[in-house]
$ cat model-v9.cif   # mmCIF, N, CA and C atoms
data_my_file
#
loop_
_atom_site.label_atom_id
_atom_site.label_comp_id
_atom_site.auth_asym_id
_atom_site.auth_seq_id
_atom_site.Cartn_x
_atom_site.Cartn_y
_atom_site.Cartn_z
N MET C 1 113.83 98.12 98.75
CA MET C 1 113.33 97.90 100.07
C MET C 1 112.69 99.19 100.57
N ALA C 2 111.42 99.10 100.93
CA ALA C 2 110.69 100.28 101.37
C ALA C 2 110.14 100.09 102.77
N GLU C 3 109.89 101.20 103.40
CA GLU C 3 109.24 101.18 104.71
C GLU C 3 107.75 101.37 104.45
N ILE C 4 106.94 100.45 105.00
CA ILE C 4 105.50 100.43 104.76
C ILE C 4 104.78 100.31 106.09
N VAL C 5 103.71 101.09 106.25
CA VAL C 5 102.84 100.96 107.41
C VAL C 5 101.56 100.27 106.96
N VAL C 6 101.16 99.24 107.71
CA VAL C 6 99.92 98.52 107.45
C VAL C 6 98.99 98.80 108.62
N ILE C 7 97.79 99.30 108.31
CA ILE C 7 96.80 99.60 109.34
C ILE C 7 95.63 98.65 109.11
N GLU C 8 95.52 97.66 109.98
CA GLU C 8 94.53 96.58 109.83
C GLU C 8 94.14 96.07 111.21
N ASP C 9 92.84 95.99 111.47
CA ASP C 9 92.39 95.56 112.79
C ASP C 9 92.26 94.05 112.94
N GLU C 10 92.31 93.31 111.86
CA GLU C 10 92.22 91.85 111.94
C GLU C 10 93.63 91.26 111.94
N ALA C 11 94.00 90.62 113.06
CA ALA C 11 95.36 90.12 113.26
C ALA C 11 95.81 89.15 112.17
N ASP C 12 94.92 88.25 111.73
CA ASP C 12 95.30 87.27 110.70
C ASP C 12 95.67 87.95 109.39
N ILE C 13 94.90 88.96 109.02
CA ILE C 13 95.17 89.66 107.77
C ILE C 13 96.44 90.49 107.88
N SER C 14 96.60 91.19 109.00
CA SER C 14 97.82 92.00 109.15
C SER C 14 99.06 91.11 109.15
N MET C 15 98.96 89.92 109.73
CA MET C 15 100.10 89.00 109.74
C MET C 15 100.42 88.51 108.32
N LEU C 16 99.39 88.20 107.53
CA LEU C 16 99.60 87.77 106.16
C LEU C 16 100.24 88.89 105.33
N VAL C 17 99.74 90.10 105.49
CA VAL C 17 100.30 91.24 104.74
C VAL C 17 101.74 91.49 105.18
N GLU C 18 101.99 91.46 106.48
CA GLU C 18 103.35 91.68 106.98
C GLU C 18 104.32 90.62 106.45
N THR C 19 103.90 89.36 106.48
CA THR C 19 104.74 88.27 105.99
C THR C 19 105.02 88.44 104.50
N THR C 20 104.00 88.75 103.73
CA THR C 20 104.14 88.93 102.29
C THR C 20 105.10 90.06 101.96
N LEU C 21 104.92 91.21 102.60
CA LEU C 21 105.75 92.37 102.30
C LEU C 21 107.18 92.19 102.82
N THR C 22 107.33 91.55 103.97
CA THR C 22 108.66 91.29 104.50
C THR C 22 109.41 90.33 103.59
N PHE C 23 108.71 89.28 103.13
CA PHE C 23 109.30 88.35 102.17
C PHE C 23 109.75 89.07 100.91
N GLY C 24 109.00 90.12 100.54
CA GLY C 24 109.34 90.92 99.36
C GLY C 24 110.45 91.92 99.61
N GLY C 25 111.01 91.92 100.82
CA GLY C 25 112.15 92.78 101.11
C GLY C 25 111.83 94.10 101.76
N HIS C 26 110.59 94.30 102.16
CA HIS C 26 110.18 95.58 102.75
C HIS C 26 110.22 95.52 104.27
N HIS C 27 110.35 96.70 104.88
CA HIS C 27 110.29 96.82 106.33
C HIS C 27 108.86 97.27 106.67
N VAL C 28 108.18 96.51 107.53
CA VAL C 28 106.76 96.72 107.78
C VAL C 28 106.50 97.08 109.24
N HIS C 29 105.64 98.09 109.44
CA HIS C 29 105.14 98.47 110.75
C HIS C 29 103.64 98.19 110.75
N ILE C 30 103.14 97.58 111.81
CA ILE C 30 101.73 97.21 111.89
C ILE C 30 101.02 98.05 112.94
N ALA C 31 99.85 98.55 112.59
CA ALA C 31 98.97 99.25 113.53
C ALA C 31 97.64 98.52 113.53
N ALA C 32 97.06 98.34 114.72
CA ALA C 32 95.81 97.61 114.85
C ALA C 32 94.58 98.50 114.74
N ASN C 33 94.78 99.81 114.66
CA ASN C 33 93.63 100.72 114.50
C ASN C 33 94.10 102.02 113.85
N GLY C 34 93.15 102.82 113.46
CA GLY C 34 93.45 104.05 112.73
C GLY C 34 94.26 105.06 113.51
N ARG C 35 93.95 105.26 114.77
CA ARG C 35 94.68 106.25 115.58
C ARG C 35 96.15 105.84 115.74
N GLU C 36 96.37 104.58 116.04
CA GLU C 36 97.74 104.07 116.14
C GLU C 36 98.44 104.18 114.79
N GLY C 37 97.69 103.92 113.73
CA GLY C 37 98.25 103.99 112.38
C GLY C 37 98.72 105.38 112.02
N ILE C 38 97.92 106.40 112.32
CA ILE C 38 98.32 107.79 112.03
C ILE C 38 99.60 108.12 112.79
N GLU C 39 99.70 107.66 114.03
CA GLU C 39 100.91 107.91 114.82
C GLU C 39 102.13 107.25 114.18
N LEU C 40 101.98 106.00 113.71
CA LEU C 40 103.09 105.30 113.05
C LEU C 40 103.49 105.99 111.76
N VAL C 41 102.51 106.44 111.00
CA VAL C 41 102.79 107.12 109.74
C VAL C 41 103.56 108.42 110.01
N ALA C 42 103.12 109.18 111.00
CA ALA C 42 103.80 110.44 111.34
C ALA C 42 105.22 110.17 111.85
N LYS C 43 105.38 109.12 112.62
CA LYS C 43 106.69 108.79 113.20
C LYS C 43 107.67 108.28 112.15
N HIS C 44 107.24 107.37 111.29
CA HIS C 44 108.14 106.69 110.37
C HIS C 44 108.20 107.30 108.97
N GLN C 45 107.22 108.12 108.60
CA GLN C 45 107.18 108.71 107.26
C GLN C 45 107.46 107.64 106.20
N PRO C 46 106.63 106.59 106.14
CA PRO C 46 106.89 105.47 105.23
C PRO C 46 106.73 105.87 103.76
N GLU C 47 107.22 104.99 102.90
CA GLU C 47 107.05 105.21 101.46
C GLU C 47 105.65 104.87 101.00
N LEU C 48 104.91 104.08 101.79
CA LEU C 48 103.57 103.65 101.40
C LEU C 48 102.80 103.19 102.63
N VAL C 49 101.47 103.36 102.57
CA VAL C 49 100.58 102.91 103.65
C VAL C 49 99.48 102.05 103.04
N LEU C 50 99.21 100.92 103.68
CA LEU C 50 98.07 100.06 103.34
C LEU C 50 97.10 100.16 104.50
N LEU C 51 95.85 100.49 104.22
CA LEU C 51 94.91 100.59 105.33
C LEU C 51 93.56 99.99 105.00
N ASP C 52 93.04 99.30 105.99
CA ASP C 52 91.72 98.69 105.89
C ASP C 52 90.67 99.79 105.92
N VAL C 53 89.59 99.59 105.21
CA VAL C 53 88.52 100.58 105.20
C VAL C 53 87.69 100.48 106.48
N GLN C 54 87.27 99.28 106.83
CA GLN C 54 86.34 99.11 107.95
C GLN C 54 87.09 98.72 109.21
N MET C 55 87.25 99.71 110.08
CA MET C 55 87.89 99.49 111.37
C MET C 55 87.07 100.21 112.43
N PRO C 56 87.07 99.70 113.65
CA PRO C 56 86.37 100.41 114.71
C PRO C 56 87.10 101.71 115.05
N ASP C 57 86.38 102.65 115.58
CA ASP C 57 86.93 103.90 116.07
C ASP C 57 87.25 104.88 114.95
N MET C 58 88.11 104.51 114.03
CA MET C 58 88.53 105.40 112.95
C MET C 58 88.66 104.58 111.67
N SER C 59 87.79 104.83 110.71
CA SER C 59 87.80 104.05 109.47
C SER C 59 89.02 104.41 108.61
N GLY C 60 89.25 103.58 107.62
CA GLY C 60 90.32 103.88 106.67
C GLY C 60 90.09 105.19 105.96
N TYR C 61 88.84 105.52 105.68
CA TYR C 61 88.53 106.80 105.06
C TYR C 61 88.94 107.95 105.98
N ASP C 62 88.67 107.79 107.28
CA ASP C 62 89.05 108.82 108.26
C ASP C 62 90.56 109.00 108.31
N VAL C 63 91.29 107.89 108.31
CA VAL C 63 92.76 107.93 108.33
C VAL C 63 93.26 108.63 107.08
N LEU C 64 92.73 108.24 105.95
CA LEU C 64 93.13 108.83 104.67
C LEU C 64 92.88 110.33 104.66
N GLN C 65 91.71 110.74 105.12
CA GLN C 65 91.38 112.16 105.14
C GLN C 65 92.31 112.93 106.09
N ALA C 66 92.59 112.35 107.26
CA ALA C 66 93.49 113.01 108.21
C ALA C 66 94.89 113.16 107.61
N ALA C 67 95.35 112.14 106.92
CA ALA C 67 96.68 112.20 106.30
C ALA C 67 96.72 113.24 105.18
N ARG C 68 95.67 113.30 104.39
CA ARG C 68 95.64 114.25 103.28
C ARG C 68 95.53 115.69 103.76
N ASN C 69 95.02 115.90 104.97
CA ASN C 69 94.93 117.24 105.55
C ASN C 69 96.20 117.65 106.28
N ASP C 70 97.16 116.74 106.42
CA ASP C 70 98.41 117.02 107.12
C ASP C 70 99.52 117.23 106.09
N PRO C 71 100.09 118.43 106.01
CA PRO C 71 101.13 118.69 105.01
C PRO C 71 102.33 117.76 105.11
N LYS C 72 102.61 117.21 106.28
CA LYS C 72 103.75 116.31 106.45
C LYS C 72 103.45 114.89 105.97
N LEU C 73 102.17 114.57 105.77
CA LEU C 73 101.78 113.20 105.40
C LEU C 73 101.12 113.09 104.04
N ARG C 74 100.67 114.20 103.49
CA ARG C 74 99.83 114.13 102.28
C ARG C 74 100.53 113.55 101.06
N HIS C 75 101.85 113.56 101.04
CA HIS C 75 102.60 113.04 99.89
C HIS C 75 102.73 111.52 99.89
N ILE C 76 102.40 110.88 101.00
CA ILE C 76 102.59 109.43 101.12
C ILE C 76 101.46 108.68 100.41
N PRO C 77 101.78 107.81 99.46
CA PRO C 77 100.72 107.05 98.79
C PRO C 77 100.05 106.09 99.77
N MET C 78 98.74 106.07 99.74
CA MET C 78 97.96 105.21 100.63
C MET C 78 97.00 104.38 99.81
N PHE C 79 97.04 103.07 100.06
CA PHE C 79 96.14 102.13 99.42
C PHE C 79 95.12 101.65 100.43
N LEU C 80 93.86 101.69 100.04
CA LEU C 80 92.80 101.13 100.85
C LEU C 80 92.62 99.67 100.46
N PHE C 81 92.24 98.84 101.42
CA PHE C 81 91.83 97.49 101.06
C PHE C 81 90.67 97.06 101.93
N SER C 82 89.76 96.32 101.29
CA SER C 82 88.51 95.97 101.95
C SER C 82 87.85 94.79 101.25
N ALA C 83 87.05 94.05 102.02
CA ALA C 83 86.24 92.98 101.44
C ALA C 83 85.04 93.58 100.71
N ASN C 84 84.69 94.80 101.04
CA ASN C 84 83.58 95.50 100.41
C ASN C 84 84.13 96.38 99.29
N SER C 85 84.07 95.88 98.07
CA SER C 85 84.68 96.61 96.96
C SER C 85 83.63 97.07 95.94
N ARG C 86 82.57 97.67 96.47
CA ARG C 86 81.57 98.26 95.57
C ARG C 86 82.17 99.49 94.91
N SER C 87 81.71 99.79 93.72
CA SER C 87 82.28 100.90 92.97
C SER C 87 82.19 102.22 93.73
N GLU C 88 81.12 102.44 94.47
CA GLU C 88 81.00 103.69 95.23
C GLU C 88 82.01 103.77 96.38
N ASP C 89 82.35 102.61 96.96
CA ASP C 89 83.37 102.58 98.02
C ASP C 89 84.75 102.89 97.43
N ILE C 90 85.03 102.31 96.29
CA ILE C 90 86.30 102.57 95.62
C ILE C 90 86.40 104.04 95.24
N GLN C 91 85.33 104.57 94.66
CA GLN C 91 85.33 105.97 94.23
C GLN C 91 85.49 106.92 95.42
N ARG C 92 84.86 106.60 96.53
CA ARG C 92 84.99 107.45 97.73
C ARG C 92 86.46 107.51 98.16
N GLY C 93 87.14 106.36 98.17
CA GLY C 93 88.55 106.33 98.53
C GLY C 93 89.40 107.14 97.57
N LEU C 94 89.16 106.97 96.29
CA LEU C 94 89.92 107.71 95.28
C LEU C 94 89.66 109.22 95.41
N ASP C 95 88.42 109.59 95.68
CA ASP C 95 88.09 111.00 95.86
C ASP C 95 88.80 111.61 97.07
N LEU C 96 89.05 110.79 98.08
CA LEU C 96 89.75 111.26 99.28
C LEU C 96 91.26 111.26 99.09
N GLY C 97 91.73 110.74 97.97
CA GLY C 97 93.16 110.79 97.68
C GLY C 97 93.90 109.47 97.78
N ALA C 98 93.17 108.37 97.82
CA ALA C 98 93.84 107.06 97.85
C ALA C 98 94.59 106.83 96.54
N ALA C 99 95.73 106.18 96.64
CA ALA C 99 96.53 105.85 95.46
C ALA C 99 95.95 104.64 94.74
N GLY C 100 95.13 103.86 95.45
CA GLY C 100 94.53 102.69 94.86
C GLY C 100 93.66 101.96 95.86
N PHE C 101 93.02 100.90 95.38
CA PHE C 101 92.09 100.12 96.19
C PHE C 101 92.32 98.66 95.89
N LEU C 102 92.56 97.87 96.93
CA LEU C 102 92.77 96.44 96.78
C LEU C 102 91.63 95.69 97.44
N SER C 103 91.14 94.67 96.79
CA SER C 103 90.02 93.88 97.32
C SER C 103 90.53 92.72 98.16
N LYS C 104 89.81 92.43 99.22
CA LYS C 104 90.05 91.23 100.03
C LYS C 104 89.04 90.19 99.59
N PRO C 105 89.34 88.96 99.58
CA PRO C 105 90.68 88.41 99.83
C PRO C 105 91.59 88.74 98.67
N PHE C 106 92.88 88.73 98.93
CA PHE C 106 93.84 89.06 97.90
C PHE C 106 94.86 87.94 97.79
N ASP C 107 95.47 87.85 96.63
CA ASP C 107 96.55 86.91 96.39
C ASP C 107 97.83 87.58 96.87
N PRO C 108 98.60 86.95 97.76
CA PRO C 108 99.82 87.58 98.27
C PRO C 108 100.80 88.02 97.18
N GLY C 109 100.96 87.21 96.15
CA GLY C 109 101.86 87.58 95.05
C GLY C 109 101.38 88.82 94.32
N GLU C 110 100.07 88.89 94.10
CA GLU C 110 99.50 90.06 93.43
C GLU C 110 99.63 91.30 94.31
N LEU C 111 99.42 91.13 95.61
CA LEU C 111 99.58 92.24 96.55
C LEU C 111 100.99 92.80 96.46
N LEU C 112 101.97 91.93 96.52
CA LEU C 112 103.37 92.36 96.47
C LEU C 112 103.67 93.05 95.14
N GLN C 113 103.17 92.50 94.07
CA GLN C 113 103.39 93.09 92.74
C GLN C 113 102.78 94.50 92.66
N GLN C 114 101.56 94.66 93.14
CA GLN C 114 100.91 95.96 93.09
C GLN C 114 101.61 96.99 93.98
N ILE C 115 102.06 96.54 95.15
CA ILE C 115 102.77 97.45 96.05
C ILE C 115 104.10 97.88 95.43
N ASN C 116 104.84 96.94 94.87
CA ASN C 116 106.10 97.28 94.22
C ASN C 116 105.90 98.24 93.06
N ARG C 117 104.87 98.02 92.28
CA ARG C 117 104.56 98.91 91.16
C ARG C 117 104.22 100.31 91.67
N ALA C 118 103.43 100.39 92.73
CA ALA C 118 103.07 101.69 93.30
C ALA C 118 104.30 102.42 93.84
N LEU C 119 105.20 101.68 94.47
CA LEU C 119 106.43 102.29 94.98
C LEU C 119 107.29 102.82 93.85
N GLU C 120 107.38 102.09 92.74
CA GLU C 120 108.15 102.55 91.58
C GLU C 120 107.55 103.82 91.00
N LYS C 121 106.23 103.86 90.87
CA LYS C 121 105.57 105.04 90.33
C LYS C 121 105.76 106.24 91.24
N HIS C 122 105.66 106.02 92.55
CA HIS C 122 105.85 107.11 93.49
C HIS C 122 107.29 107.63 93.44
N ALA C 123 108.26 106.73 93.32
CA ALA C 123 109.66 107.14 93.22
C ALA C 123 109.89 107.95 91.94
N ALA C 124 109.28 107.54 90.85
CA ALA C 124 109.42 108.27 89.58
C ALA C 124 108.81 109.66 89.71
N ALA C 125 107.64 109.74 90.34
CA ALA C 125 106.99 111.04 90.53
C ALA C 125 107.84 111.94 91.43
N ALA C 126 108.44 111.37 92.46
CA ALA C 126 109.29 112.14 93.37
C ALA C 126 110.53 112.68 92.64
N GLU C 127 110.98 111.97 91.62
CA GLU C 127 112.13 112.40 90.83
C GLU C 127 111.72 113.42 89.77
N GLY C 128 110.42 113.70 89.70
CA GLY C 128 109.93 114.67 88.73
C GLY C 128 109.73 114.11 87.35
N LEU C 129 109.70 112.79 87.23
CA LEU C 129 109.49 112.17 85.93
C LEU C 129 108.00 112.07 85.64
N THR C 130 107.66 112.09 84.39
CA THR C 130 106.26 111.97 83.99
C THR C 130 106.03 110.63 83.31
N SER C 131 106.77 109.63 83.70
CA SER C 131 106.66 108.32 83.05
C SER C 131 105.32 107.68 83.35
N GLU C 132 104.79 107.00 82.37
CA GLU C 132 103.55 106.26 82.55
C GLU C 132 103.83 104.89 83.16
N GLU C 133 105.01 104.39 82.87
CA GLU C 133 105.33 103.05 83.33
C GLU C 133 106.84 102.91 83.46
N LEU C 134 107.27 102.19 84.47
CA LEU C 134 108.69 101.93 84.66
C LEU C 134 108.99 100.51 84.24
N GLN C 135 110.13 100.30 83.60
CA GLN C 135 110.56 98.96 83.23
C GLN C 135 111.96 98.74 83.76
N THR C 136 112.18 97.60 84.33
CA THR C 136 113.51 97.26 84.83
C THR C 136 114.13 96.23 83.91
N SER C 137 115.33 96.52 83.46
CA SER C 137 116.06 95.59 82.60
C SER C 137 116.93 94.69 83.46
N GLU C 138 116.60 93.41 83.51
CA GLU C 138 117.37 92.43 84.28
C GLU C 138 118.72 92.15 83.63
N GLU C 139 118.78 92.30 82.30
CA GLU C 139 119.99 91.94 81.56
C GLU C 139 121.18 92.80 81.94
N SER C 140 121.01 94.11 81.96
CA SER C 140 122.14 94.99 82.21
C SER C 140 122.20 95.45 83.66
N GLY C 141 121.16 95.18 84.42
CA GLY C 141 121.14 95.61 85.81
C GLY C 141 120.82 97.08 85.97
N THR C 142 120.38 97.72 84.88
CA THR C 142 120.03 99.14 84.95
C THR C 142 118.53 99.30 84.87
N THR C 143 118.07 100.43 85.30
CA THR C 143 116.65 100.72 85.24
C THR C 143 116.37 101.59 84.02
N VAL C 144 115.44 101.13 83.21
CA VAL C 144 115.05 101.87 82.01
C VAL C 144 113.67 102.44 82.27
N ARG C 145 113.54 103.75 82.11
CA ARG C 145 112.24 104.40 82.33
C ARG C 145 111.63 104.74 80.98
N THR C 146 110.40 104.28 80.78
CA THR C 146 109.70 104.58 79.54
C THR C 146 108.87 105.83 79.76
N ILE C 147 109.14 106.85 78.96
CA ILE C 147 108.43 108.13 79.15
C ILE C 147 107.44 108.33 78.02
#

$ encode --input "model-v9.cif" --output "structure tokens"
Amino acid sequence: MAEIVVIEDEADISMLVETTLTFGGHHVHIAANGREGIELVAKHQPELVLLDVQMPDMSGYDVLQAARNDPKLRHIPMFLFSANSRSEDIQRGLDLGAAGFLSKPFDPGELLQQINRALEKHAAAAEGLTSEELQTSEESGTTVRTI
């Protein structure tokens, strides 16, 4: 269970993302714009942030850049998501430090799977592991890390 901030200006999409992530066992905070989102991220120090690229006032790129320039926030993985998924848009986000890019529309199950995978990778990196991939063994109830 992780704490996640979602920054999305479209209420329908933020509700779908919140429902999906909550169903997946995560605690979700919603911000309707970039400025509010930065405040939530600073306040809650979440394990992950999902942010829309195209928002009025402060774009997802602006939020990402502000977070990467803040020593208290730069460690938080941030995923951009947008209906506009041209390769140059994706590359711009990655160059600014995004952990990934998700295209809209998205499948809720795939969204949850990608977020869970990102959280596992971030946890492994925080533990100082250099694993390429994490595997969970359902049989024994233990976590096996493939290095």

$ closest_residue --input "model-v9.cif" --among "C:Ile115, C:Met15, C:Leu94, C:Leu102" --to "Ser82 of chain C" --atoms "all atoms listed in the file"
C:Leu102

$ select_by_dssp --input "model-v9.cif" --residues "chain C" --states "strand (DSSP E)" --output "NGL selection string"
:C and (3-7 or 27-31 or 48-52 or 78-82 or 100-103 or 133-136 or 143-146)

$ resolve_selection --input "model-v9.cif" --expression "the PyMOL selection byres (((chain C and resi 61 and name CA) around 12) and name CA)" --output "VMD selection string"
chain C and resid 7 34 50 to 60 62 to 68 78 to 82 89 to 98 101

$ atom_distance --input "model-v9.cif" --atom1 "atom CA of Glu36 of chain C" --atom2 "atom CA of Leu73 of chain C"
14.7 Å

$ residues_around --input "model-v9.cif" --residues "Ser14 of chain C" --least-positions-apart "4" --cutoff "10 Å" --atoms "only C-alpha atoms" --output "ChimeraX atom specification"
/C:6-10,18-20,29-32,50-52

$ write_last_selection --input "model-v9.cif" --atoms "N, CA and C atoms" --output "mmCIF file, keeping the file's coordinate frame"
data_model
loop_
_atom_site.group_PDB
_atom_site.id
_atom_site.type_symbol
_atom_site.label_atom_id
_atom_site.label_comp_id
_atom_site.auth_asym_id
_atom_site.auth_seq_id
_atom_site.Cartn_x
_atom_site.Cartn_y
_atom_site.Cartn_z
ATOM 1 N N VAL C 6 101.160 99.240 107.710
ATOM 2 C CA VAL C 6 99.920 98.520 107.450
ATOM 3 C C VAL C 6 98.990 98.800 108.620
ATOM 4 N N ILE C 7 97.790 99.300 108.310
ATOM 5 C CA ILE C 7 96.800 99.600 109.340
ATOM 6 C C ILE C 7 95.630 98.650 109.110
ATOM 7 N N GLU C 8 95.520 97.660 109.980
ATOM 8 C CA GLU C 8 94.530 96.580 109.830
ATOM 9 C C GLU C 8 94.140 96.070 111.210
ATOM 10 N N ASP C 9 92.840 95.990 111.470
ATOM 11 C CA ASP C 9 92.390 95.560 112.790
ATOM 12 C C ASP C 9 92.260 94.050 112.940
ATOM 13 N N GLU C 10 92.310 93.310 111.860
ATOM 14 C CA GLU C 10 92.220 91.850 111.940
ATOM 15 C C GLU C 10 93.630 91.260 111.940
ATOM 16 N N GLU C 18 101.990 91.460 106.480
ATOM 17 C CA GLU C 18 103.350 91.680 106.980
ATOM 18 C C GLU C 18 104.320 90.620 106.450
ATOM 19 N N THR C 19 103.900 89.360 106.480
ATOM 20 C CA THR C 19 104.740 88.270 105.990
ATOM 21 C C THR C 19 105.020 88.440 104.500
ATOM 22 N N THR C 20 104.000 88.750 103.730
ATOM 23 C CA THR C 20 104.140 88.930 102.290
ATOM 24 C C THR C 20 105.100 90.060 101.960
ATOM 25 N N HIS C 29 105.640 98.090 109.440
ATOM 26 C CA HIS C 29 105.140 98.470 110.750
ATOM 27 C C HIS C 29 103.640 98.190 110.750
ATOM 28 N N ILE C 30 103.140 97.580 111.810
ATOM 29 C CA ILE C 30 101.730 97.210 111.890
ATOM 30 C C ILE C 30 101.020 98.050 112.940
ATOM 31 N N ALA C 31 99.850 98.550 112.590
ATOM 32 C CA ALA C 31 98.970 99.250 113.530
ATOM 33 C C ALA C 31 97.640 98.520 113.530
ATOM 34 N N ALA C 32 97.060 98.340 114.720
ATOM 35 C CA ALA C 32 95.810 97.610 114.850
ATOM 36 C C ALA C 32 94.580 98.500 114.740
ATOM 37 N N LEU C 50 99.210 100.920 103.680
ATOM 38 C CA LEU C 50 98.070 100.060 103.340
ATOM 39 C C LEU C 50 97.100 100.160 104.500
ATOM 40 N N LEU C 51 95.850 100.490 104.220
ATOM 41 C CA LEU C 51 94.910 100.590 105.330
ATOM 42 C C LEU C 51 93.560 99.990 105.000
ATOM 43 N N ASP C 52 93.040 99.300 105.990
ATOM 44 C CA ASP C 52 91.720 98.690 105.890
ATOM 45 C C ASP C 52 90.670 99.790 105.920
#

$ closest_residue --input "model-v9.cif" --among "C:Gly100, C:Gly128, C:Gly37, C:Pro108" --to "Leu21 of chain C" --atoms "only N, CA and C atoms"
C:Pro108

$ select_by_dssp --input "model-v9.cif" --residues "segment 37-141 of chain C" --states "helix (DSSP H, G or I)" --output "NGL selection string"
:C and (37-44 or 60-68 or 87-95 or 108-126)

$ atom_distance --input "model-v9.cif" --atom1 "atom CA of His26 of chain C" --atom2 "atom CA of Lys72 of chain C"
22.0 Å

$ closest_residue --input "model-v9.cif" --among "C:Val17, C:Ala126, C:Leu48, C:Ala42" --to "Ile4 of chain C" --atoms "only N, CA and C atoms"
C:Leu48

$ atom_distance --input "model-v9.cif" --atom1 "atom C of His44 of chain C" --atom2 "atom N of Glu3 of chain C"
8.4 Å

$ closest_residue --input "model-v9.cif" --among "C:Gly24, C:Ala124, C:Ala2, C:Asp12" --to "Glu110 of chain C" --atoms "only C-alpha atoms"
C:Gly24

$ residues_near_point --input "model-v9.cif" --point "(112.5, 100.5, 93.1)" --cutoff "6.5 Å" --atoms "all atoms listed in the file" --output "list in words"
Met1, Leu119 and Glu120 of chain C
